[in-house]
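S.K.: The structure's right below; bear with me while I get my questions together.
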Amino acid sequence: MPEQEYNTLSGKIINAAIDVHKELGPGLLESVYEYCLVEEFKRRNLKCETQVRLPIIYKGEKLEKEFIIDILVESMIIIELKSVEILLPVHEVQLVTYLKLANKKLGLLINFNVPVLHEGIRRRINGTL
């Protein structure tokens, strides 16, 4: 997949998130933002899956425990949503782990609990685009 496709799609995702943030503002539950963001994606004809199960493989064996990806857009970009006072390094590590385990190239960590949404967005790449 060309880098430009990832950049175009991530731009659409960020624009949708900005619209949700403008409409709702900060301070709500993560689940509310997720629901509204998915609705915004539908309005923009972006295909997405929510609460995507990601199995844990340990020493070659699939365990009964699994990770849950908040949103997967167009089967390409993982979105990890937060509504926290401060994004911590562990939040970014979580996204990178999901990217590696799901074998995806690009992820966005979006924290809606900020005055201006651009301050709450982190983009992470697994390898190169």
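Naming works like this for the structure tokens: A, B, ... for the chains as they're shown, residue 1 at the start of each chain, ligands 1 onward in shown order.
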For region 119-129 of chain A, please output as a VMD selection string all residues within 6 Å (counting only C-alpha atoms; exclusion window: fewer than 5 positions along the same chain).

M.R.: chain A and resid 3 105 to 111

S.K.: Write the residues you've just listed into a file as a PDB file, in the first residue's frame, and include C-alpha atoms for each of them.

M.R.:
```pdb
ATOM      1  CA  GLU A   3       2.394   5.857   1.691  1.00  0.00           C
ATOM      2  CA  LYS A 105       1.521  -0.299   9.433  1.00  0.00           C
ATOM      3  CA  LEU A 106      -0.209   2.789  10.867  1.00  0.00           C
ATOM      4  CA  GLY A 107      -2.027   3.669  14.058  1.00  0.00           C
ATOM      5  CA  LEU A 108      -3.536   6.761  15.606  1.00  0.00           C
ATOM      6  CA  LEU A 109      -3.825   7.367  19.328  1.00  0.00           C
ATOM      7  CA  ILE A 110      -6.560   9.961  19.844  1.00  0.00           C
ATOM      8  CA  ASN A 111      -7.232  11.558  23.231  1.00  0.00           C
TER       9      ASN A 111
END
```

S.K.: Give me the residues near Lys65 (chain A) as an MDAnalysis selection string, where near means some atom within 12 Å (using only C-alpha atoms) and where sequence neighbours in that chain fewer than 4 positions away do not count.

M.R.: chainID A and resid 53:58 61

S.K.: Residues near Val73 (chain A), anyone? I mean within 10 Å using only C-alpha atoms, not counting same-chain ones fewer than 3 positions away, as a list in words.

M.R.: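 Here the qualifying residues turn out to be Leu9, Ser10, Ile13, Val38, Phe41, Leu46, Lys47, Cys48, Glu49, Thr50, Met76, Ile77, Ile78, Ile79 and Gly107 of chain A.
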
S.K.: Have a look at CA of Leu81 (chain A) and CA of Glu34 (chain A) and let me know their distance in Å, one decimal.

M.R.: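 CA of Glu34 (chain A) lies at a distance of 7.2 Å from CA of Leu81 (chain A).
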
S.K.: From the options A:Tyr98, A:Val116, A:Glu85, A:Gln4, which residue's atoms come nearest to Glu66 (chain A), counting only C-alpha atoms?

M.R.: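 Under the stated criterion, the closest residue is A:Tyr98.
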
S.K.: Could you pull out all residues of chain A with a DSSP call of helix (DSSP H, G or I) and give them as a short mmCIF file (atom, residue, chain, number, x, y, z; two decimals) with C-alpha atoms, in the first residue's frame?

M.R.:
```
data_model
loop_
_atom_site.label_atom_id
_atom_site.label_comp_id
_atom_site.auth_asym_id
_atom_site.auth_seq_id
_atom_site.Cartn_x
_atom_site.Cartn_y
_atom_site.Cartn_z
CA GLU A 3 2.39 5.86 1.69
CA GLN A 4 0.07 8.42 0.09
CA GLU A 5 -2.95 6.15 0.68
CA TYR A 6 -2.10 5.90 4.37
CA ASN A 7 -1.65 9.66 4.60
CA THR A 8 -4.93 10.36 2.79
CA LEU A 9 -6.87 7.92 4.95
CA SER A 10 -5.31 9.12 8.20
CA GLY A 11 -6.20 12.69 7.18
CA LYS A 12 -9.84 11.65 6.72
CA ILE A 13 -9.83 9.93 10.10
CA ILE A 14 -8.35 12.97 11.84
CA ASN A 15 -10.86 15.32 10.16
CA ALA A 16 -13.72 13.09 11.33
CA ALA A 17 -12.32 13.05 14.87
CA ILE A 18 -12.00 16.84 14.85
CA ASP A 19 -15.66 17.14 13.84
CA VAL A 20 -16.69 14.82 16.69
CA HIS A 21 -14.57 16.83 19.14
CA LYS A 22 -16.04 20.14 17.92
CA GLU A 23 -19.55 18.75 18.38
CA LEU A 24 -19.07 17.10 21.78
CA GLU A 30 -14.29 7.09 25.68
CA SER A 31 -17.27 4.94 24.63
CA VAL A 32 -19.28 8.03 23.66
CA TYR A 33 -16.49 9.29 21.41
CA GLU A 34 -16.10 5.84 19.87
CA TYR A 35 -19.81 5.60 19.07
CA CYS A 36 -19.93 9.09 17.55
CA LEU A 37 -16.68 8.63 15.62
CA VAL A 38 -18.01 5.42 14.05
CA GLU A 39 -21.16 7.31 13.06
CA GLU A 40 -19.00 10.04 11.51
CA PHE A 41 -17.04 7.41 9.58
CA LYS A 42 -20.30 6.00 8.20
CA ARG A 43 -21.33 9.47 7.04
CA PRO A 89 3.98 6.61 27.27
CA VAL A 90 2.18 3.35 28.07
CA HIS A 91 -0.73 4.46 25.83
CA GLU A 92 1.64 4.85 22.89
CA VAL A 93 3.34 1.52 23.65
CA GLN A 94 -0.10 -0.13 23.68
CA LEU A 95 -0.80 1.18 20.17
CA VAL A 96 2.60 0.05 18.87
CA THR A 97 2.01 -3.41 20.37
CA TYR A 98 -1.36 -3.64 18.61
CA LEU A 99 0.25 -2.60 15.32
CA LYS A 100 2.88 -5.32 15.61
CA LEU A 101 0.48 -8.07 16.69
CA ALA A 102 -2.08 -7.18 14.01
CA LEU A 117 -7.89 17.87 19.38
CA HIS A 118 -4.57 18.23 17.51
CA GLU A 119 -2.90 18.27 20.95
CA GLY A 120 -4.32 14.82 21.66
#
```

S.K.: Considering only C-alpha atoms, can you say which of A:Ile68, A:Val114, A:Lys104, A:Glu80 comes closest to Val52 (chain A)?

M.R.: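 The closest residue to Val52 (chain A) is A:Ile68.
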
S.K.: Tell me which of A:Asn113, A:Asn45, A:Gln51, A:Lys82 sits closest to Phe67 (chain A), counting only C-alpha atoms.

M.R.: A:Gln51

S.K.: Please identify the strand (DSSP E or B) residues within chain A (assignment by DSSP from backbone atoms) and present them as a compact mmCIF listing (two decimals) with N, CA, C and O atoms, in the first residue's frame.

M.R.:
```
# COMPACT_ATOMS: atom_id res chain seq x y z
N CYS A 48 -15.35 0.65 8.84
CA CYS A 48 -14.62 0.43 10.09
C CYS A 48 -15.24 -0.71 10.87
O CYS A 48 -16.40 -1.07 10.69
N GLU A 49 -14.41 -1.28 11.73
CA GLU A 49 -14.83 -2.31 12.67
C GLU A 49 -14.48 -1.80 14.06
O GLU A 49 -13.46 -1.16 14.25
N THR A 50 -15.33 -2.12 15.03
CA THR A 50 -15.05 -1.71 16.40
C THR A 50 -14.82 -2.93 17.28
O THR A 50 -15.28 -4.03 16.97
N GLN A 51 -14.08 -2.70 18.35
CA GLN A 51 -13.80 -3.73 19.34
C GLN A 51 -13.30 -5.01 18.66
O GLN A 51 -13.82 -6.10 18.87
N VAL A 52 -12.27 -4.84 17.84
CA VAL A 52 -11.70 -5.94 17.06
C VAL A 52 -10.82 -6.79 17.97
O VAL A 52 -9.89 -6.28 18.61
N ARG A 53 -11.10 -8.06 18.03
CA ARG A 53 -10.35 -8.98 18.88
C ARG A 53 -9.02 -9.34 18.23
O ARG A 53 -8.96 -9.66 17.05
N LEU A 54 -7.97 -9.28 19.03
CA LEU A 54 -6.63 -9.57 18.58
C LEU A 54 -6.05 -10.65 19.50
O LEU A 54 -5.78 -10.39 20.67
N PRO A 55 -5.91 -11.87 18.99
CA PRO A 55 -5.47 -12.96 19.87
C PRO A 55 -4.04 -12.76 20.37
O PRO A 55 -3.21 -12.15 19.71
N ILE A 56 -3.81 -13.27 21.55
CA ILE A 56 -2.46 -13.26 22.12
C ILE A 56 -1.82 -14.60 21.78
O ILE A 56 -2.37 -15.66 22.10
N ILE A 57 -0.69 -14.56 21.11
CA ILE A 57 0.07 -15.75 20.78
C ILE A 57 1.31 -15.75 21.66
O ILE A 57 2.10 -14.81 21.62
N TYR A 58 1.44 -16.78 22.47
CA TYR A 58 2.58 -16.87 23.37
C TYR A 58 3.33 -18.16 23.08
O TYR A 58 2.76 -19.25 23.17
N GLU A 61 1.61 -20.45 20.78
CA GLU A 61 0.30 -20.96 21.17
C GLU A 61 -0.68 -19.82 21.37
O GLU A 61 -0.39 -18.84 22.05
N LYS A 62 -1.86 -19.95 20.76
CA LYS A 62 -2.92 -18.95 20.93
C LYS A 62 -3.55 -19.13 22.30
O LYS A 62 -4.03 -20.21 22.64
N LEU A 63 -3.53 -18.06 23.09
CA LEU A 63 -4.10 -18.11 24.43
C LEU A 63 -5.57 -17.69 24.41
O LEU A 63 -6.04 -17.10 23.44
N GLU A 64 -6.27 -17.97 25.48
CA GLU A 64 -7.69 -17.62 25.55
C GLU A 64 -7.90 -16.13 25.79
O GLU A 64 -8.97 -15.60 25.53
N LYS A 65 -6.90 -15.45 26.27
CA LYS A 65 -6.96 -14.00 26.49
C LYS A 65 -6.69 -13.30 25.17
O LYS A 65 -5.98 -13.80 24.31
N GLU A 66 -7.26 -12.10 25.00
CA GLU A 66 -7.02 -11.35 23.77
C GLU A 66 -7.02 -9.86 24.04
O GLU A 66 -7.53 -9.40 25.05
N PHE A 67 -6.39 -9.13 23.13
CA PHE A 67 -6.43 -7.67 23.16
C PHE A 67 -7.66 -7.23 22.38
O PHE A 67 -8.17 -7.97 21.53
N ILE A 68 -8.10 -5.99 22.63
CA ILE A 68 -9.23 -5.43 21.89
C ILE A 68 -8.80 -4.11 21.27
O ILE A 68 -8.42 -3.17 21.98
N ILE A 69 -8.84 -4.04 19.95
CA ILE A 69 -8.55 -2.81 19.22
C ILE A 69 -9.83 -1.98 19.20
O ILE A 69 -10.89 -2.51 18.84
N ASP A 70 -9.76 -0.70 19.55
CA ASP A 70 -10.96 0.14 19.58
C ASP A 70 -11.62 0.21 18.21
O ASP A 70 -12.78 -0.13 18.06
N ILE A 71 -10.88 0.68 17.20
CA ILE A 71 -11.43 0.83 15.85
C ILE A 71 -10.36 0.47 14.83
O ILE A 71 -9.20 0.89 14.96
N LEU A 72 -10.76 -0.26 13.81
CA LEU A 72 -9.90 -0.56 12.66
C LEU A 72 -10.59 0.03 11.44
O LEU A 72 -11.73 -0.34 11.12
N VAL A 73 -9.93 0.97 10.77
CA VAL A 73 -10.52 1.67 9.63
C VAL A 73 -9.96 1.12 8.32
O VAL A 73 -8.74 1.04 8.15
N ILE A 77 -5.84 0.99 9.28
CA ILE A 77 -5.36 1.88 10.34
C ILE A 77 -6.05 1.56 11.66
O ILE A 77 -7.29 1.54 11.74
N ILE A 78 -5.24 1.33 12.69
CA ILE A 78 -5.74 1.08 14.03
C ILE A 78 -5.92 2.41 14.74
O ILE A 78 -5.02 3.25 14.73
N ILE A 79 -7.07 2.56 15.39
CA ILE A 79 -7.31 3.76 16.19
C ILE A 79 -7.51 3.31 17.63
O ILE A 79 -8.36 2.47 17.93
N GLU A 80 -6.71 3.88 18.50
CA GLU A 80 -6.83 3.64 19.93
C GLU A 80 -7.36 4.94 20.54
O GLU A 80 -6.73 6.00 20.41
N LEU A 81 -8.53 4.88 21.15
CA LEU A 81 -9.17 6.07 21.70
C LEU A 81 -8.91 6.19 23.19
O LEU A 81 -8.90 5.18 23.91
N LYS A 82 -8.78 7.43 23.63
CA LYS A 82 -8.63 7.72 25.06
C LYS A 82 -9.44 8.97 25.39
O LYS A 82 -9.72 9.80 24.51
N LEU A 106 0.03 1.45 10.34
CA LEU A 106 -0.21 2.79 10.87
C LEU A 106 -1.29 2.77 11.94
O LEU A 106 -2.30 2.08 11.80
N GLY A 107 -1.05 3.54 12.99
CA GLY A 107 -2.03 3.67 14.06
C GLY A 107 -2.12 5.10 14.55
O GLY A 107 -1.17 5.87 14.46
N LEU A 108 -3.30 5.45 15.03
CA LEU A 108 -3.54 6.76 15.61
C LEU A 108 -4.04 6.59 17.03
O LEU A 108 -4.98 5.84 17.28
N LEU A 109 -3.39 7.28 17.95
CA LEU A 109 -3.83 7.37 19.33
C LEU A 109 -4.51 8.73 19.46
O LEU A 109 -3.89 9.75 19.19
N ILE A 110 -5.80 8.72 19.80
CA ILE A 110 -6.56 9.96 19.84
C ILE A 110 -7.14 10.14 21.24
O ILE A 110 -7.96 9.33 21.69
N ASN A 111 -6.71 11.20 21.92
CA ASN A 111 -7.23 11.56 23.23
C ASN A 111 -8.21 12.73 23.08
O ASN A 111 -7.81 13.83 22.70
N ILE A 121 -3.49 13.99 19.52
CA ILE A 121 -3.31 12.96 18.49
C ILE A 121 -1.84 12.57 18.39
O ILE A 121 -0.96 13.41 18.30
N ARG A 122 -1.60 11.26 18.42
CA ARG A 122 -0.26 10.70 18.20
C ARG A 122 -0.36 9.70 17.06
O ARG A 122 -1.24 8.85 17.04
N ARG A 123 0.56 9.78 16.14
CA ARG A 123 0.61 8.88 14.99
C ARG A 123 1.82 7.96 15.16
O ARG A 123 2.92 8.44 15.42
N ARG A 124 1.61 6.68 15.02
CA ARG A 124 2.69 5.72 15.16
C ARG A 124 2.74 4.80 13.94
O ARG A 124 1.71 4.37 13.43
N ILE A 125 3.96 4.51 13.52
CA ILE A 125 4.18 3.67 12.34
C ILE A 125 4.91 2.40 12.78
O ILE A 125 5.86 2.46 13.56
```
